[in-house]
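What follows is one structure encoded as structure tokens, with my remarks underneath.
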Amino acid sequence: MPERLVPKSLTDRVWHYCPGCSHGIVHRLIAEVIDELEIQGTVIGVAPVGCAYNNYEYFNFDIIQAAHGRAPAVATGVKRVLPDRMVFTYQGDGDLAAIGTAEIIHAAARGENFTTVFINNAIYGMTSGQMAPTTLPNQVTMTSPNGRDTSSQGFPIRMSEMLALQDGTAFVERVSTHDVRHIIQAKRAIKKAFKVQQAGLGFSIVEVLSTCPTNWGLSPLKAQKWLEENMIPYYALGNIKGKDIKV
């Protein structure tokens, strides 16, 4: 029998994501963490509405599909009914930072003991590339063809910093997937977020700066460079809360 090349917590199904999209990388990191923590049998994920809506086809454990933006509410219910399970939401910037803003803020404020993996690619990916709450100033999108004008369209929301202000939030870190070194750091942060949940310390979130080459109108390689040169200066990488937590 040939050696299995994917984590046990992933299926063998081929991704539907566009070339250069970061979702596949993040899926694998989550699966590797779950395998290493040996929690595959107790983990429950909550899928978003967005490009990763069908991640239940890729993860080899229980996944619940939530209505748009309501993943934190669903995760809250699951974790309260089944407190021994490891629960996480997987959400994009439209799902979490737009229609789901109230749900994520109040879950953090209540200190709900689940983990969120937040994919920030600064655009609405599934619906053809409209401006998102995380779209950068002057960034061109389908609905900001002249670039995001902050005088009329406001400024991008730094969700991680806002969530870190809530007393119920235990751990917040922003990471990226634009090169191997940062992918390794991203995995480390995701693993710590799960361990924070295991320790019962409260809400934990990892924000992952990600690429959307199709809607950015760039090749996969140029998209990685664009993320590095444009997103990271605005969305600073690193631990925002919970750095000293020992788990």
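Naming works like this for the structure tokens: A, B, ... for the chains as they're shown, residue 1 at the start of each chain, ligands 1 onward in shown order.
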Can you list every residue of stretch 73-156 of chain A that has an atom at most 9 Å from stretch 10-33 of chain A, with its nearest atom pair and the distance in Å to one decimal, using only C-alpha atoms, ordered by chain then number, as CSV?
```
residue,atom,partner,partner_atom,distance
A:Val117,CA,A:Val26,CA,8.8
A:Ile119,CA,A:His23,CA,8.0
A:Asn121,CA,A:Ser22,CA,8.9
```
Find the residues around A:Arg174 up to 7 Å (only C-alpha atoms counted), leave out those fewer than 5 positions away in its own chain, and share them as a list of chain:residue names.
->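 Listed by chain and then number, they are A:Val206, A:Glu207, A:Val208, A:Leu237, A:Gly238, A:Asn239.
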List every residue of stretch 88-157 of chain A that has an atom at most 9 Å from any atom of stretch 60-73 of chain A, giving for each one its closest atom pair and the distance in Å to one decimal, counting only C-alpha atoms, sorted by chain and then by ascending residue number, as JSON lines.
```
{"residue": "A:Phe88", "atom": "CA", "partner": "A:Pro72", "partner_atom": "CA", "distance": 8.7}
{"residue": "A:Thr89", "atom": "CA", "partner": "A:Ala71", "partner_atom": "CA", "distance": 6.1}
{"residue": "A:Tyr90", "atom": "CA", "partner": "A:Ala71", "partner_atom": "CA", "distance": 8.0}
{"residue": "A:Gln91", "atom": "CA", "partner": "A:Ala71", "partner_atom": "CA", "distance": 7.7}
{"residue": "A:Gly94", "atom": "CA", "partner": "A:Gly69", "partner_atom": "CA", "distance": 8.0}
{"residue": "A:Asp95", "atom": "CA", "partner": "A:Gly69", "partner_atom": "CA", "distance": 4.6}
{"residue": "A:Leu96", "atom": "CA", "partner": "A:Gly69", "partner_atom": "CA", "distance": 5.7}
{"residue": "A:Ala97", "atom": "CA", "partner": "A:Gly69", "partner_atom": "CA", "distance": 8.4}
{"residue": "A:Ala98", "atom": "CA", "partner": "A:Gly69", "partner_atom": "CA", "distance": 7.7}
{"residue": "A:Ile99", "atom": "CA", "partner": "A:Gly69", "partner_atom": "CA", "distance": 5.2}
{"residue": "A:Gly100", "atom": "CA", "partner": "A:Gly69", "partner_atom": "CA", "distance": 3.7}
{"residue": "A:Thr101", "atom": "CA", "partner": "A:Gly69", "partner_atom": "CA", "distance": 7.4}
{"residue": "A:Ala102", "atom": "CA", "partner": "A:Gly69", "partner_atom": "CA", "distance": 8.8}
{"residue": "A:Glu103", "atom": "CA", "partner": "A:Pro72", "partner_atom": "CA", "distance": 5.7}
{"residue": "A:Ile104", "atom": "CA", "partner": "A:Pro72", "partner_atom": "CA", "distance": 5.7}
{"residue": "A:His106", "atom": "CA", "partner": "A:Pro72", "partner_atom": "CA", "distance": 8.9}
{"residue": "A:Ala107", "atom": "CA", "partner": "A:Pro72", "partner_atom": "CA", "distance": 6.4}
{"residue": "A:Glu112", "atom": "CA", "partner": "A:Pro72", "partner_atom": "CA", "distance": 8.9}
{"residue": "A:Phe114", "atom": "CA", "partner": "A:Pro72", "partner_atom": "CA", "distance": 8.6}
{"residue": "A:Thr116", "atom": "CA", "partner": "A:Pro72", "partner_atom": "CA", "distance": 8.2}
```
Run DSSP on the backbone and grab whatever in stretch 42-148 of chain A lands in alpha helix (DSSP H); send it over as a PyMOL selection string.
-> chain A and resi 71-81+93-94+101-110
Closest to A:Pro220 among A:Gly202, A:Leu82, A:Asp179, A:Phe59, using only C-alpha atoms?
->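 The closest residue to A:Pro220 is A:Asp179.
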So, counting only C-alpha atoms, which residue among A:Met86, A:Met159, A:Ile245, A:Ile105 is closest to A:Thr134?
->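 Among the listed residues, the smallest separation from A:Thr134 belongs to A:Met159.
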Quick check for you: according to DSSP on this backbone, which residues of stretch 160-227 of chain A are classed as strand (DSSP E)? Reply as a PDB file with C-alpha atoms, in the first residue's frame.
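File written: out37.pdb
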```pdb
ATOM      1  CA  THR A 169     -11.189  36.650  24.147  1.00  0.00           C
ATOM      2  CA  ALA A 170      -8.197  34.609  25.256  1.00  0.00           C
ATOM      3  CA  PHE A 171      -6.041  34.311  22.133  1.00  0.00           C
ATOM      4  CA  VAL A 172      -5.736  36.310  18.903  1.00  0.00           C
ATOM      5  CA  GLU A 173      -3.049  36.019  16.253  1.00  0.00           C
ATOM      6  CA  ARG A 174      -2.766  37.210  12.660  1.00  0.00           C
ATOM      7  CA  VAL A 175      -0.738  35.089  10.246  1.00  0.00           C
ATOM      8  CA  SER A 176      -0.181  34.716   6.509  1.00  0.00           C
ATOM      9  CA  PHE A 203     -12.608  32.429  22.725  1.00  0.00           C
ATOM     10  CA  SER A 204      -9.630  32.042  20.363  1.00  0.00           C
ATOM     11  CA  ILE A 205      -9.157  33.227  16.791  1.00  0.00           C
ATOM     12  CA  VAL A 206      -6.478  33.025  14.119  1.00  0.00           C
ATOM     13  CA  GLU A 207      -6.784  35.473  11.230  1.00  0.00           C
ATOM     14  CA  VAL A 208      -5.082  34.235   8.060  1.00  0.00           C
ATOM     15  CA  LEU A 209      -4.169  36.767   5.371  1.00  0.00           C
TER      16      LEU A 209
END
```
Shell around A:Tyr124 at 10 Å using only C-alpha atoms, local window under 4 positions removed, as a PyMOL selection string = chain A and resi 50-51+92-95+120+128-135+141-142+212+215
Serialized selection, N, CA and C atoms, as a PDB file, in the first residue's frame:
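The new file out_29.pdb reads:
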```
ATOM      1  N   GLY A  50     -19.580  31.045   1.536  1.00  0.00           N
ATOM      2  CA  GLY A  50     -18.457  31.648   0.834  1.00  0.00           C
ATOM      3  C   GLY A  50     -17.766  30.576   0.026  1.00  0.00           C
ATOM      4  N   CYS A  51     -16.560  30.844  -0.427  1.00  0.00           N
ATOM      5  CA  CYS A  51     -15.843  29.881  -1.267  1.00  0.00           C
ATOM      6  C   CYS A  51     -15.620  28.545  -0.570  1.00  0.00           C
ATOM      7  N   GLY A  92     -14.828  33.357   6.189  1.00  0.00           N
ATOM      8  CA  GLY A  92     -14.175  34.371   5.393  1.00  0.00           C
ATOM      9  C   GLY A  92     -14.536  35.767   5.860  1.00  0.00           C
ATOM     10  N   ASP A  93     -13.966  36.788   5.201  1.00  0.00           N
ATOM     11  CA  ASP A  93     -14.183  38.151   5.659  1.00  0.00           C
ATOM     12  C   ASP A  93     -15.607  38.637   5.409  1.00  0.00           C
ATOM     13  N   GLY A  94     -16.253  38.163   4.343  1.00  0.00           N
ATOM     14  CA  GLY A  94     -17.643  38.530   4.148  1.00  0.00           C
ATOM     15  C   GLY A  94     -18.543  37.874   5.180  1.00  0.00           C
ATOM     16  N   ASP A  95     -18.285  36.611   5.456  1.00  0.00           N
ATOM     17  CA  ASP A  95     -19.077  35.845   6.411  1.00  0.00           C
ATOM     18  C   ASP A  95     -18.899  36.378   7.828  1.00  0.00           C
ATOM     19  N   ASN A 120      -8.948  36.091   5.592  1.00  0.00           N
ATOM     20  CA  ASN A 120      -9.063  37.477   5.130  1.00  0.00           C
ATOM     21  C   ASN A 120      -8.330  37.625   3.808  1.00  0.00           C
ATOM     22  N   SER A 128     -17.936  37.077  -7.059  1.00  0.00           N
ATOM     23  CA  SER A 128     -17.339  37.785  -8.201  1.00  0.00           C
ATOM     24  C   SER A 128     -16.458  38.974  -7.853  1.00  0.00           C
ATOM     25  N   GLY A 129     -16.100  39.148  -6.577  1.00  0.00           N
ATOM     26  CA  GLY A 129     -15.067  40.126  -6.280  1.00  0.00           C
ATOM     27  C   GLY A 129     -15.525  41.512  -5.900  1.00  0.00           C
ATOM     28  N   GLN A 130     -16.630  41.602  -5.155  1.00  0.00           N
ATOM     29  CA  GLN A 130     -17.070  42.907  -4.682  1.00  0.00           C
ATOM     30  C   GLN A 130     -16.214  43.383  -3.507  1.00  0.00           C
ATOM     31  N   MET A 131     -16.338  44.665  -3.170  1.00  0.00           N
ATOM     32  CA  MET A 131     -15.626  45.234  -2.033  1.00  0.00           C
ATOM     33  C   MET A 131     -16.137  44.606  -0.746  1.00  0.00           C
ATOM     34  N   ALA A 132     -15.221  44.241   0.133  1.00  0.00           N
ATOM     35  CA  ALA A 132     -15.547  43.634   1.419  1.00  0.00           C
ATOM     36  C   ALA A 132     -15.214  44.599   2.547  1.00  0.00           C
ATOM     37  N   PRO A 133     -15.619  44.300   3.782  1.00  0.00           N
ATOM     38  CA  PRO A 133     -15.241  45.145   4.914  1.00  0.00           C
ATOM     39  C   PRO A 133     -13.732  45.240   5.108  1.00  0.00           C
ATOM     40  N   THR A 134     -13.002  44.269   4.572  1.00  0.00           N
ATOM     41  CA  THR A 134     -11.549  44.222   4.736  1.00  0.00           C
ATOM     42  C   THR A 134     -10.793  44.747   3.514  1.00  0.00           C
ATOM     43  N   THR A 135     -11.510  45.164   2.469  1.00  0.00           N
ATOM     44  CA  THR A 135     -10.860  45.707   1.270  1.00  0.00           C
ATOM     45  C   THR A 135     -10.014  46.924   1.637  1.00  0.00           C
ATOM     46  N   THR A 141     -11.996  46.812  -6.830  1.00  0.00           N
ATOM     47  CA  THR A 141     -12.840  45.618  -6.803  1.00  0.00           C
ATOM     48  C   THR A 141     -13.980  45.813  -7.797  1.00  0.00           C
ATOM     49  N   MET A 142     -14.847  44.821  -7.895  1.00  0.00           N
ATOM     50  CA  MET A 142     -15.984  44.917  -8.802  1.00  0.00           C
ATOM     51  C   MET A 142     -16.890  46.107  -8.463  1.00  0.00           C
ATOM     52  N   CYS A 212      -6.517  35.831  -3.272  1.00  0.00           N
ATOM     53  CA  CYS A 212      -7.638  35.530  -4.170  1.00  0.00           C
ATOM     54  C   CYS A 212      -7.219  35.955  -5.575  1.00  0.00           C
ATOM     55  N   ASN A 215     -10.031  37.023  -8.350  1.00  0.00           N
ATOM     56  CA  ASN A 215     -10.732  38.299  -8.210  1.00  0.00           C
ATOM     57  C   ASN A 215      -9.782  39.489  -8.050  1.00  0.00           C
TER      58      ASN A 215
END
```
Taking into account only C-alpha atoms, which residue in the set A:Leu165, A:Val46, A:Lys241, A:Ser210 is nearest to A:Ala193?
->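 Ranked by minimum distance to A:Ala193, first place goes to A:Lys241.
The gap separating atom CA of A:Thr115 from atom CA of A:Lys246 is 16.7 Å, in Å to one decimal.
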